[in-house]
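Data file: upload30.pdb. Format and content: PDB, C-alpha atoms, pLDDT in the B column.
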ATOM      1  CA  MET E   1       0.000   0.000   0.000  1.00 42.00           C
ATOM      2  CA  ILE E   2       2.838   2.414   0.803  1.00 47.00           C
ATOM      3  CA  LEU E   3       4.427   1.672  -2.587  1.00 47.00           C
ATOM      4  CA  LYS E   4       1.145   2.559  -4.338  1.00 44.00           C
ATOM      5  CA  ILE E   5       0.903   5.846  -2.431  1.00 48.00           C
ATOM      6  CA  GLU E   6       4.507   6.741  -3.286  1.00 52.00           C
ATOM      7  CA  LEU E   7       3.910   5.894  -6.955  1.00 47.00           C
ATOM      8  CA  LEU E   8       0.777   8.053  -7.027  1.00 48.00           C
ATOM      9  CA  LYS E   9       2.704  10.952  -5.494  1.00 50.00           C
ATOM     10  CA  GLU E  10       5.388  10.605  -8.175  1.00 49.00           C
ATOM     11  CA  LEU E  11       2.781  10.621 -10.934  1.00 46.00           C
ATOM     12  CA  GLU E  12       1.086  13.698  -9.489  1.00 49.00           C
ATOM     13  CA  GLU E  13       4.394  15.560  -9.311  1.00 51.00           C
ATOM     14  CA  SER E  14       5.551  14.601 -12.803  1.00 52.00           C
ATOM     15  CA  PRO E  15       4.495  16.982 -15.547  1.00 71.00           C
ATOM     16  CA  ARG E  16       1.988  15.473 -17.921  1.00 80.00           C
ATOM     17  CA  ALA E  17       2.164  16.391 -21.595  1.00 88.00           C
ATOM     18  CA  LYS E  18      -0.655  18.214 -23.330  1.00 91.00           C
ATOM     19  CA  THR E  19      -2.450  15.813 -25.642  1.00 93.00           C
ATOM     20  CA  ILE E  20      -4.070  16.991 -28.843  1.00 95.00           C
ATOM     21  CA  GLY E  21      -6.385  14.413 -30.372  1.00 94.00           C
ATOM     22  CA  ILE E  22      -7.373  14.796 -34.016  1.00 94.00           C
ATOM     23  CA  LEU E  23     -10.332  12.784 -35.343  1.00 94.00           C
ATOM     24  CA  GLY E  24     -11.913  12.808 -38.803  1.00 92.00           C
ATOM     25  CA  VAL E  25     -15.629  12.379 -39.458  1.00 89.00           C
ATOM     26  CA  GLN E  26     -14.711  10.180 -42.439  1.00 87.00           C
ATOM     27  CA  SER E  27     -11.625   8.846 -44.147  1.00 85.00           C
ATOM     28  CA  GLY E  28      -9.679  11.266 -46.318  1.00 86.00           C
ATOM     29  CA  VAL E  29     -10.433  14.566 -44.572  1.00 89.00           C
ATOM     30  CA  GLY E  30      -6.763  15.226 -43.759  1.00 90.00           C
ATOM     31  CA  VAL E  31      -6.266  14.026 -40.198  1.00 92.00           C
ATOM     32  CA  THR E  32      -2.702  12.788 -40.769  1.00 91.00           C
ATOM     33  CA  THR E  33      -1.796  15.940 -42.702  1.00 92.00           C
ATOM     34  CA  MET E  34      -3.185  18.114 -39.904  1.00 93.00           C
ATOM     35  CA  ALA E  35      -1.424  16.056 -37.215  1.00 94.00           C
ATOM     36  CA  VAL E  36       1.979  16.202 -38.931  1.00 94.00           C
ATOM     37  CA  SER E  37       1.590  19.933 -39.695  1.00 94.00           C
ATOM     38  CA  LEU E  38       0.571  20.709 -36.124  1.00 95.00           C
ATOM     39  CA  ALA E  39       3.462  18.683 -34.707  1.00 96.00           C
ATOM     40  CA  GLY E  40       5.836  20.538 -37.040  1.00 95.00           C
ATOM     41  CA  TYR E  41       4.497  23.892 -35.859  1.00 94.00           C
ATOM     42  CA  LEU E  42       4.753  22.948 -32.182  1.00 94.00           C
ATOM     43  CA  SER E  43       8.264  21.579 -32.544  1.00 95.00           C
ATOM     44  CA  GLY E  44       9.690  24.012 -35.084  1.00 92.00           C
ATOM     45  CA  LEU E  45       8.203  27.372 -34.164  1.00 90.00           C
ATOM     46  CA  LEU E  46       7.231  26.930 -30.519  1.00 92.00           C
ATOM     47  CA  ARG E  47      10.248  24.707 -29.712  1.00 93.00           C
ATOM     48  CA  GLU E  48       8.119  22.216 -27.783  1.00 94.00           C
ATOM     49  CA  LYS E  49       9.331  18.659 -27.367  1.00 95.00           C
ATOM     50  CA  THR E  50       6.716  16.905 -29.501  1.00 96.00           C
ATOM     51  CA  ALA E  51       5.620  13.366 -30.239  1.00 94.00           C
ATOM     52  CA  ILE E  52       3.013  12.217 -32.726  1.00 94.00           C
ATOM     53  CA  VAL E  53       1.303   8.854 -32.518  1.00 91.00           C
ATOM     54  CA  GLU E  54      -0.869   7.113 -35.101  1.00 89.00           C
ATOM     55  CA  TYR E  55      -3.981   5.466 -33.637  1.00 86.00           C
ATOM     56  CA  GLY E  56      -6.083   5.299 -36.812  1.00 73.00           C
ATOM     57  CA  GLN E  57      -6.481   2.413 -39.231  1.00 73.00           C
ATOM     58  CA  LYS E  58      -3.804   3.635 -41.628  1.00 74.00           C
ATOM     59  CA  THR E  59      -0.146   2.682 -41.310  1.00 77.00           C
ATOM     60  CA  THR E  60       1.411   5.855 -42.696  1.00 79.00           C
ATOM     61  CA  PHE E  61       4.126   6.109 -40.038  1.00 76.00           C
ATOM     62  CA  ALA E  62       5.079   2.432 -40.394  1.00 73.00           C
ATOM     63  CA  LYS E  63       5.473   3.018 -44.137  1.00 75.00           C
ATOM     64  CA  MET E  64       7.683   6.022 -43.408  1.00 73.00           C
ATOM     65  CA  LEU E  65       9.740   3.772 -41.127  1.00 68.00           C
ATOM     66  CA  ASN E  66       9.691   1.170 -43.935  1.00 68.00           C
ATOM     67  CA  THR E  67       8.443  -1.575 -41.670  1.00 56.00           C
ATOM     68  CA  GLU E  68       5.186  -3.337 -40.944  1.00 54.00           C
ATOM     69  CA  GLY E  69       6.104  -3.767 -37.285  1.00 54.00           C
ATOM     70  CA  GLN E  70       5.799  -1.488 -34.335  1.00 62.00           C
ATOM     71  CA  GLY E  71       8.333   1.142 -33.513  1.00 79.00           C
ATOM     72  CA  HIS E  72       9.195   4.771 -33.519  1.00 82.00           C
ATOM     73  CA  PHE E  73      11.531   7.130 -35.301  1.00 86.00           C
ATOM     74  CA  THR E  74      12.569  10.766 -35.114  1.00 87.00           C
ATOM     75  CA  LEU E  75      12.313  13.174 -38.027  1.00 88.00           C
ATOM     76  CA  LYS E  76      13.079  16.905 -37.723  1.00 91.00           C
ATOM     77  CA  HIS E  77      12.976  16.804 -33.900  1.00 93.00           C
ATOM     78  CA  ILE E  78       9.548  15.109 -33.787  1.00 94.00           C
ATOM     79  CA  ASP E  79       9.193  11.569 -32.425  1.00 92.00           C
ATOM     80  CA  TYR E  80       6.814   9.507 -34.571  1.00 90.00           C
ATOM     81  CA  TYR E  81       5.204   6.448 -33.005  1.00 89.00           C
ATOM     82  CA  THR E  82       3.656   3.830 -35.259  1.00 82.00           C
ATOM     83  CA  LYS E  83       0.277   2.258 -34.649  1.00 72.00           C
ATOM     84  CA  ASN E  84       0.125   0.448 -31.285  1.00 68.00           C
ATOM     85  CA  SER E  85       3.830   0.963 -30.532  1.00 66.00           C
ATOM     86  CA  GLU E  86       3.202   2.985 -27.376  1.00 73.00           C
ATOM     87  CA  SER E  87       0.146   3.705 -25.256  1.00 79.00           C
ATOM     88  CA  LEU E  88      -1.074   7.269 -24.972  1.00 80.00           C
ATOM     89  CA  SER E  89      -0.845   7.221 -21.177  1.00 81.00           C
ATOM     90  CA  ALA E  90       2.806   6.113 -21.392  1.00 83.00           C
ATOM     91  CA  LEU E  91       3.646   8.909 -23.844  1.00 85.00           C
ATOM     92  CA  GLU E  92       2.038  11.537 -21.610  1.00 83.00           C
ATOM     93  CA  TYR E  93       4.745  10.939 -19.006  1.00 80.00           C
ATOM     94  CA  LYS E  94       7.737  10.600 -21.366  1.00 86.00           C
ATOM     95  CA  ASN E  95       9.038  14.153 -20.961  1.00 88.00           C
ATOM     96  CA  TYR E  96       7.132  15.578 -23.945  1.00 92.00           C
ATOM     97  CA  ASP E  97       5.536  19.002 -23.904  1.00 92.00           C
ATOM     98  CA  THR E  98       2.876  17.893 -26.381  1.00 94.00           C
ATOM     99  CA  VAL E  99       1.673  14.599 -27.823  1.00 94.00           C
ATOM    100  CA  VAL E 100      -0.361  14.880 -31.033  1.00 95.00           C
ATOM    101  CA  VAL E 101      -2.596  11.868 -31.634  1.00 94.00           C
ATOM    102  CA  ASP E 102      -3.787  10.947 -35.137  1.00 93.00           C
ATOM    103  CA  PHE E 103      -7.023   8.991 -34.593  1.00 93.00           C
ATOM    104  CA  GLY E 104      -7.913   8.900 -38.287  1.00 91.00           C
ATOM    105  CA  SER E 105     -11.633   8.258 -38.669  1.00 88.00           C
ATOM    106  CA  SER E 106     -11.609   5.354 -36.237  1.00 82.00           C
ATOM    107  CA  VAL E 107     -13.894   5.391 -33.214  1.00 79.00           C
ATOM    108  CA  SER E 108     -12.262   2.316 -31.677  1.00 82.00           C
ATOM    109  CA  HIS E 109     -10.096   4.562 -29.458  1.00 82.00           C
ATOM    110  CA  MET E 110     -12.868   6.996 -28.503  1.00 88.00           C
ATOM    111  CA  GLY E 111     -11.999   6.768 -24.806  1.00 88.00           C
ATOM    112  CA  ASP E 112      -8.459   7.977 -25.536  1.00 89.00           C
ATOM    113  CA  PHE E 113      -9.806  10.764 -27.753  1.00 92.00           C
ATOM    114  CA  ILE E 114     -12.134  11.999 -25.025  1.00 92.00           C
ATOM    115  CA  ARG E 115      -9.263  11.906 -22.504  1.00 91.00           C
ATOM    116  CA  CYS E 116      -7.105  14.241 -24.646  1.00 92.00           C
ATOM    117  CA  THR E 117      -6.624  17.708 -23.180  1.00 91.00           C
ATOM    118  CA  HIS E 118      -7.431  19.287 -26.565  1.00 93.00           C
ATOM    119  CA  LYS E 119      -9.664  17.815 -29.280  1.00 94.00           C
ATOM    120  CA  ILE E 120      -9.970  18.619 -32.981  1.00 93.00           C
ATOM    121  CA  ILE E 121     -12.626  17.051 -35.206  1.00 93.00           C
ATOM    122  CA  LEU E 122     -12.122  17.448 -38.951  1.00 92.00           C
ATOM    123  CA  GLY E 123     -14.959  17.326 -41.437  1.00 89.00           C
ATOM    124  CA  THR E 124     -15.577  18.252 -45.050  1.00 83.00           C
ATOM    125  CA  LEU E 125     -17.978  20.466 -46.951  1.00 77.00           C
ATOM    126  CA  GLN E 126     -17.486  18.487 -50.163  1.00 71.00           C
ATOM    127  CA  ARG E 127     -21.094  17.310 -50.444  1.00 63.00           C
ATOM    128  CA  LEU E 128     -22.357  20.888 -50.296  1.00 60.00           C
ATOM    129  CA  PHE E 129     -20.567  21.685 -53.546  1.00 65.00           C
ATOM    130  CA  GLU E 130     -21.370  18.522 -55.525  1.00 62.00           C
TER     131      GLU E 130
END
Rewrite the structure of this file - the entire thing - as structure tokens.
Amino acid sequence: MILKIELLKELEESPRAKTIGILGVQSGVGVTTMAVSLAGYLSGLLREKTAIVEYGQKTTFAKMLNTEGQGHFTLKHIDYYTKNSESLSALEYKNYDTVVVDFGSSVSHMGDFIRCTHKIILGTLQRLFE
């Protein structure tokens, strides 16, 4: 019991990263583009230590890493985590200022999306102009 209390105290004292969850209302609305652009802005202009993790159905980051497996890589001072390579709660305590989460259009991780400190939902007006 004492160990649990000490662990909880450590977690309370450790700074937790901001999490920005990005979710699309359908596939192809630009969630990955928005996530990568936002991470670039946070890292490049604001100088925040930034990670981006892919939770959607696509495997864009794994393709960038040139592997089908799990893993992570760093590109231009941003740490990219492939699908299922790291849990969101683990990344929040990994000394990042911000973790950007690409949820794609998947609702299978809705609990994680709701838990994000900031949420962005992307849609399209395409049908209005057809």
If you apply the PyMOL selection byres ((chain E and resi 42) around 12) to this file, what residues do you get, as a ChimeraX atom specification?
/E:18,20,35-41,43-52,76-78,96-100
Take the residues from that selection and put them in a file with C-alpha atoms, as a compact mmCIF listing (two decimals), in the frame of the given file.
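This is the output file selection_12.txt:
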# COMPACT_ATOMS: atom_id res chain seq x y z
CA LYS E 18 -0.66 18.21 -23.33
CA ILE E 20 -4.07 16.99 -28.84
CA ALA E 35 -1.42 16.06 -37.22
CA VAL E 36 1.98 16.20 -38.93
CA SER E 37 1.59 19.93 -39.70
CA LEU E 38 0.57 20.71 -36.12
CA ALA E 39 3.46 18.68 -34.71
CA GLY E 40 5.84 20.54 -37.04
CA TYR E 41 4.50 23.89 -35.86
CA SER E 43 8.26 21.58 -32.54
CA GLY E 44 9.69 24.01 -35.08
CA LEU E 45 8.20 27.37 -34.16
CA LEU E 46 7.23 26.93 -30.52
CA ARG E 47 10.25 24.71 -29.71
CA GLU E 48 8.12 22.22 -27.78
CA LYS E 49 9.33 18.66 -27.37
CA THR E 50 6.72 16.90 -29.50
CA ALA E 51 5.62 13.37 -30.24
CA ILE E 52 3.01 12.22 -32.73
CA LYS E 76 13.08 16.90 -37.72
CA HIS E 77 12.98 16.80 -33.90
CA ILE E 78 9.55 15.11 -33.79
CA TYR E 96 7.13 15.58 -23.94
CA ASP E 97 5.54 19.00 -23.90
CA THR E 98 2.88 17.89 -26.38
CA VAL E 99 1.67 14.60 -27.82
CA VAL E 100 -0.36 14.88 -31.03
May I ask for the distance between CA of Met64 (chain E) and CA of Lys94 (chain E), given in Å to one decimal place?
22.5 Å
Given the choices E:Gly24, E:Glu86, E:Ala17, E:Lys58, which gets closest to Lys119 (chain E) if the distance is worked out from all atoms listed in the file?
E:Gly24
Go through E:Asn95, E:Thr82, E:Thr124, E:Ser27 one by one, measure the shortest atom-to-atom distance of each to Val107 (chain E) using only C-alpha atoms, and give the residue with the smallest value.
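That would be E:Ser27, the residue with the smallest distance to Val107 (chain E).
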Closest of E:Ser108, E:Tyr80, E:Thr19, E:Ser87 to Gly56 (chain E), counting only C-alpha atoms, is E:Ser108
Which protein, DNA or RNA residues have an atom at most 9 Å from (-8.7, 21.6, -35.5), counting all atoms listed in the file? List them as a list of chain:residue names.
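Looking at atoms near the point gives E:Ile22, E:Leu23, E:Met34, E:Lys119, E:Ile120, E:Ile121, E:Leu122.
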Given all atoms listed in the file as the counted atoms, nearest of E:Tyr55, E:Phe73, E:Tyr93, E:Phe103 to Val31 (chain E)
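Comparing E:Tyr55, E:Phe73, E:Tyr93, E:Phe103 against Val31 (chain E), the winner is E:Phe103.
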With distances taken over only C-alpha atoms, which residue among E:Thr117, E:Thr74, E:Thr59, E:Ser105 lies nearest Gly28 (chain E)?
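Among the listed residues, the smallest separation from Gly28 (chain E) belongs to E:Ser105.
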Among E:Phe113, E:Thr33, E:Lys83, E:Glu92, Ala62 (chain E) is approached most closely, using all atoms listed in the file, by E:Lys83
Quick one: distance from CA of Asp112 (chain E) to CA of Ser89 (chain E) in Å, one decimal?
8.8 Å
One decimal place gives the CA of Gly104 (chain E)-CA of Pro15 (chain E) separation as 27.1 Å
